[in-house]
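Text of the file model-v4.cif, holding mmCIF, C-alpha atoms:
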```cif
data_run
loop_
_atom_site.label_atom_id
_atom_site.label_comp_id
_atom_site.auth_asym_id
_atom_site.auth_seq_id
_atom_site.Cartn_x
_atom_site.Cartn_y
_atom_site.Cartn_z
CA MET A 1 0.00 0.00 0.00
CA THR A 2 1.30 3.47 -0.89
CA SER A 3 2.16 5.58 2.15
CA GLU A 4 0.55 8.94 2.84
CA LEU A 5 3.29 11.60 2.94
CA ILE A 6 2.65 14.59 5.19
CA LEU A 7 4.90 17.61 5.68
CA VAL A 8 4.23 19.45 8.94
CA ALA A 9 5.24 23.09 9.40
CA HIS A 10 4.67 25.59 12.19
CA GLY A 11 2.18 27.83 10.38
CA THR A 12 2.19 31.56 9.68
CA ARG A 13 -0.20 34.26 8.52
CA ASN A 14 2.60 35.76 6.44
CA GLN A 15 1.72 35.11 2.81
CA LEU A 16 5.35 34.90 1.73
CA GLY A 17 5.91 32.33 4.46
CA LEU A 18 2.92 30.28 3.31
CA ASN A 19 4.10 30.51 -0.27
CA THR A 20 7.51 29.22 0.80
CA ILE A 21 6.03 26.20 2.58
CA THR A 22 3.92 25.46 -0.50
CA GLU A 23 6.99 25.76 -2.71
CA ILE A 24 8.96 23.41 -0.45
CA ALA A 25 6.18 20.81 -0.37
CA SER A 26 5.82 20.97 -4.15
CA ALA A 27 9.56 20.56 -4.68
CA VAL A 28 9.70 17.60 -2.27
CA ALA A 29 6.78 16.01 -4.13
CA ASP A 30 8.86 16.09 -7.30
CA HIS A 31 11.23 13.67 -5.52
CA VAL A 32 8.87 11.40 -3.59
CA GLY A 33 5.34 11.74 -4.97
CA PRO A 34 2.27 13.56 -3.60
CA VAL A 35 2.86 15.41 -0.32
CA ARG A 36 0.14 16.87 1.87
CA THR A 37 0.82 19.79 4.22
CA ALA A 38 -0.31 20.31 7.81
CA PHE A 39 0.40 22.98 10.43
CA VAL A 40 0.72 22.74 14.20
CA ASP A 41 -0.07 26.39 14.99
CA VAL A 42 -1.69 29.59 13.68
CA LEU A 43 -3.68 28.00 10.84
CA GLY A 44 -4.95 24.65 9.57
CA PRO A 45 -5.31 21.96 8.63
CA ASN A 46 -3.55 20.41 11.60
CA PRO A 47 -2.05 16.89 11.49
CA ARG A 48 -5.10 15.34 13.15
CA GLU A 49 -7.37 16.72 10.45
CA VAL A 50 -5.11 15.62 7.59
CA LEU A 51 -4.76 12.10 9.00
CA ALA A 52 -8.45 11.70 9.79
CA ASP A 53 -9.44 10.93 6.20
CA SER A 54 -6.70 8.37 5.52
CA THR A 55 -6.11 4.76 6.55
CA ALA A 56 -2.93 4.17 4.54
CA PRO A 57 0.33 4.05 6.52
CA ALA A 58 1.52 7.64 6.94
CA ILE A 59 4.96 9.21 7.15
CA VAL A 60 5.00 12.58 8.87
CA VAL A 61 8.05 14.81 8.47
CA PRO A 62 8.28 17.83 10.79
CA ALA A 63 9.82 20.75 8.88
CA PHE A 64 11.35 22.15 12.07
CA LEU A 65 14.99 23.03 12.65
CA ALA A 66 15.09 21.66 16.21
CA SER A 67 13.08 19.21 18.30
CA GLY A 68 11.20 21.54 20.65
CA TYR A 69 7.68 21.42 22.05
CA HIS A 70 5.89 21.28 18.70
CA VAL A 71 7.93 18.27 17.52
CA ASN A 72 8.18 16.34 20.79
CA THR A 73 4.76 17.01 22.32
CA ASP A 74 2.30 18.85 20.09
CA LEU A 75 2.76 16.82 16.91
CA PRO A 76 2.60 13.34 18.55
CA ALA A 77 -0.51 14.43 20.47
CA ARG A 78 -2.32 15.52 17.30
CA VAL A 79 -1.31 12.27 15.57
CA ALA A 80 -2.62 10.20 18.50
CA GLU A 81 -5.89 12.16 18.48
CA SER A 82 -6.42 11.26 14.83
CA GLY A 83 -6.82 7.58 15.69
CA HIS A 84 -4.81 6.71 12.58
CA PRO A 85 -3.64 3.07 12.68
CA SER A 86 -0.02 3.59 11.58
CA VAL A 87 1.96 6.84 11.54
CA THR A 88 5.75 7.25 11.53
CA ILE A 89 7.02 10.64 12.69
CA THR A 90 10.57 11.29 11.50
CA PRO A 91 13.17 13.42 13.32
CA ALA A 92 13.24 17.18 12.85
CA LEU A 93 15.48 18.61 10.11
CA GLY A 94 18.22 20.00 12.29
CA PRO A 95 20.94 20.03 13.22
CA ASP A 96 22.42 18.84 9.94
CA PRO A 97 25.52 19.74 7.91
CA VAL A 98 23.25 20.39 4.92
CA LEU A 99 21.61 23.29 6.73
CA ALA A 100 24.99 24.70 7.75
CA GLU A 101 26.14 24.63 4.14
CA ILE A 102 22.97 26.44 3.01
CA MET A 103 23.59 29.18 5.60
CA HIS A 104 27.20 29.45 4.40
CA THR A 105 25.95 29.95 0.83
CA ARG A 106 23.40 32.53 1.97
CA LEU A 107 26.10 34.45 3.85
CA LEU A 108 28.27 34.65 0.74
CA GLU A 109 25.25 35.98 -1.16
CA VAL A 110 24.93 38.99 1.18
CA GLY A 111 28.61 39.94 1.27
CA TRP A 112 30.06 38.06 4.21
CA SER A 113 33.84 37.52 4.01
CA PRO A 114 36.18 35.35 6.07
CA GLY A 115 37.02 37.25 9.25
CA ASP A 116 33.55 38.79 9.60
CA ALA A 117 31.58 37.72 12.66
CA VAL A 118 28.33 35.78 12.22
CA VAL A 119 25.27 35.66 14.43
CA MET A 120 23.14 32.60 13.72
CA ALA A 121 19.56 33.70 14.33
CA ALA A 122 17.24 30.98 15.63
CA ALA A 123 13.67 31.33 16.85
CA GLY A 124 14.73 29.77 20.15
CA SER A 125 13.17 27.25 22.51
CA SER A 126 12.65 26.71 26.22
CA ASP A 127 13.33 22.98 25.69
CA PRO A 128 16.89 22.09 26.85
CA ALA A 129 17.30 19.39 24.18
CA ALA A 130 16.26 21.81 21.45
CA ARG A 131 18.70 24.40 22.78
CA ARG A 132 21.50 21.82 22.58
CA GLU A 133 20.52 21.10 18.98
CA LEU A 134 20.74 24.80 18.17
CA VAL A 135 24.18 24.99 19.75
CA GLU A 136 25.23 22.05 17.57
CA ALA A 137 23.78 23.77 14.48
CA ALA A 138 25.84 26.87 15.27
CA SER A 139 28.93 24.69 15.69
CA LEU A 140 28.35 23.12 12.27
CA LEU A 141 28.16 26.59 10.75
CA ALA A 142 31.33 27.64 12.61
CA ASP A 143 33.16 24.73 10.98
CA ARG A 144 32.55 26.52 7.68
CA VAL A 145 32.80 30.24 8.49
CA GLY A 146 34.76 30.56 11.73
CA GLU A 147 33.33 32.83 14.43
CA VAL A 148 29.61 32.17 15.05
CA HIS A 149 27.45 33.48 17.89
CA LEU A 150 24.05 31.91 18.58
CA GLY A 151 21.23 34.42 19.11
CA PHE A 152 17.48 34.12 19.49
CA VAL A 153 14.60 36.02 17.93
CA ALA A 154 11.66 34.81 20.03
CA THR A 155 12.61 32.70 23.06
CA GLY A 156 15.82 32.81 25.05
CA ALA A 157 18.93 34.93 25.50
CA PRO A 158 21.10 36.39 24.17
CA THR A 159 18.92 38.02 21.57
CA VAL A 160 20.16 38.55 18.04
CA ALA A 161 19.98 42.34 18.45
CA ASP A 162 22.02 42.28 21.67
CA LEU A 163 24.74 40.14 20.09
CA VAL A 164 24.95 42.30 16.98
CA GLY A 165 25.18 45.45 19.08
CA ARG A 166 27.92 43.99 21.27
CA ILE A 167 30.01 42.87 18.30
CA ARG A 168 29.59 46.10 16.35
CA SER A 169 30.61 48.14 19.41
CA ARG A 170 34.06 46.61 18.96
CA GLY A 171 34.24 47.95 15.42
CA ARG A 172 33.58 44.55 13.84
CA ARG A 173 31.53 43.68 10.78
CA VAL A 174 28.77 41.23 11.64
CA PHE A 175 26.31 39.33 9.49
CA ILE A 176 23.16 37.46 10.50
CA ALA A 177 22.67 33.91 9.26
CA SER A 178 18.94 33.26 9.39
CA TYR A 179 18.29 29.80 10.84
CA LEU A 180 14.62 30.09 9.99
CA LEU A 181 12.71 28.06 7.45
CA ALA A 182 10.52 30.72 5.85
CA PRO A 183 9.68 34.44 5.90
CA GLY A 184 7.45 35.60 8.74
CA VAL A 185 7.39 37.74 11.87
CA PHE A 186 10.66 36.36 13.23
CA HIS A 187 12.62 36.84 10.02
CA THR A 188 11.27 40.37 9.56
CA LYS A 189 12.78 41.35 12.94
CA LEU A 190 16.28 40.56 11.73
CA ALA A 191 16.40 43.58 9.43
CA GLY A 192 16.24 45.89 12.44
CA CYS A 193 19.05 44.27 14.42
CA GLY A 194 21.83 46.49 13.03
CA ALA A 195 23.96 43.93 11.20
CA GLN A 196 25.72 44.57 7.90
CA ALA A 197 23.13 42.28 6.36
CA ALA A 198 20.88 39.35 7.19
CA THR A 199 20.54 36.34 4.94
CA GLU A 200 17.32 35.04 3.51
CA PRO A 201 15.66 32.12 5.34
CA LEU A 202 16.66 28.59 4.35
CA GLY A 203 13.57 28.41 2.15
CA ALA A 204 13.14 26.02 -0.76
CA HIS A 205 16.87 25.56 -1.31
CA PRO A 206 17.44 22.41 -3.41
CA GLU A 207 19.59 20.82 -0.70
CA LEU A 208 16.93 21.42 1.96
CA VAL A 209 14.33 19.91 -0.36
CA ALA A 210 16.58 16.87 -0.86
CA LEU A 211 17.03 16.56 2.92
CA LEU A 212 13.25 16.50 3.40
CA ALA A 213 12.88 13.95 0.62
CA ARG A 214 15.41 11.69 2.37
CA ARG A 215 13.38 11.95 5.58
CA PHE A 216 10.35 10.60 3.73
CA THR A 217 12.20 7.76 2.02
CA ALA A 218 14.25 6.65 5.04
CA ARG A 219 11.08 6.02 7.07
CA ILE A 220 13.04 6.28 10.32
CA GLY A 221 11.35 7.72 13.38
CA ILE A 222 8.79 6.93 16.07
CA THR A 223 5.73 4.93 15.01
CA ILE A 224 2.35 5.62 16.56
CA HIS A 225 -0.34 2.93 16.24
#
```
Do you think you could lay out the structure here as structure tokens?
Amino acid sequence: MTSELILVAHGTRNQLGLNTITEIASAVADHVGPVRTAFVDVLGPNPREVLADSTAPAIVVPAFLASGYHVNTDLPARVAESGHPSVTITPALGPDPVLAEIMHTRLLEVGWSPGDAVVMAAAGSSDPAARRELVEAASLLADRVGEVHLGFVATGAPTVADLVGRIRSRGRRVFIASYLLAPGVFHTKLAGCGAQAATEPLGAHPELVALLARRFTARIGITIH
């Protein structure tokens, strides 16, 4: 029986953000076949609703960059509520060297040069495991660009703006590497942080699309019956 493939994102009212998620899902479908999209917050359909009308085995890939509350608690709860007989939830996308390489490419696009400081801007999380994953993601980026500081846009300290201000006060050039999936409220804030430039979100980069496709085909994760 063919598996149901479901991509789960956070959700946003930002139209550019929604367009980006649609673009990502469409590009992944070119690799693996039809992909449905669900959201855990802000708008629907949520995973429970998407799973409710299917009895085929389902593979759910969370398009999140760390395993915080939405991945570890919210998503499994919605899947369980659906009553679906067989759902595999794969790991979140990050940390992964692929994402670090995309950020490196994005930094080069906005004028970063070796020797410039980098602030990796993550949404943040109160979950200790997710915070450790973000630290690892920053370390993977540092392997490619040198000096990287981890800052947060929504939850946690230090904030991106505080880090940028501190580094610039020493007369340094600093660039923001956006560790965000799509445009939205969080990414918009980066423009006002005072850096030389901020990169675009990871978006529908071909390597990110390929990473998502591998999540679907590997079928590795937790299975909920």
message: Would you pick out the contacts of Val185 of chain A at 10 Å or less, using only C-alpha atoms, so that residues sharing its chain but fewer than 5 positions from it are not included, and give the list as a PyMOL selection string?
response: chain A and resi 12-14+17+153-154+190
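For the set A:Val28, A:Val110, A:Ala121, A:Val174, the residue with the smallest atom-to-atom gap to Leu150 of chain A is A:Ala121, counting all atoms listed in the file.
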task: Using the chain letters and numbers from the file, give me the residues hit by the PyMOL selection byres ((chain A and resi 29) around 12), as a VMD selection string.
output: chain A and resid 4 to 7 22 to 28 30 to 37 209 to 210 212 to 214 216 to 217
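Closest approach to Asn72 of chain A among A:Ile167, A:Leu134, A:Val118, A:Ala92: A:Ala92, based on all atoms listed in the file.
Nearest residue to Ala9 of chain A among A:Gly194, A:Pro201, A:Pro76, A:Pro47 is A:Pro47, counting all atoms listed in the file.
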Give the centre and edge lengths of an axis-aligned box, in Å to one decimal, that holds all listed atoms of segment 28-44 of chain A with 6 Å on each side, as lines of an AutoDock Vina configuration file.
```
center_x = 3.1
center_y = 20.5
center_z = 3.8
size_x = 28.2
size_y = 30.2
size_z = 34.3
```
query: Which neighbours of segment 56-58 of chain A fall inside 7 Å, counting only C-alpha atoms, when residues of the same chain fewer than 3 positions from it are skipped, and could you give them as a ChimeraX atom specification?
result: /A:1-5,86-88
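Nearest residue to Leu65 of chain A, choosing from A:Asp116, A:Glu133, A:Asp143, A:Glu101 and counting only C-alpha atoms: A:Glu133.
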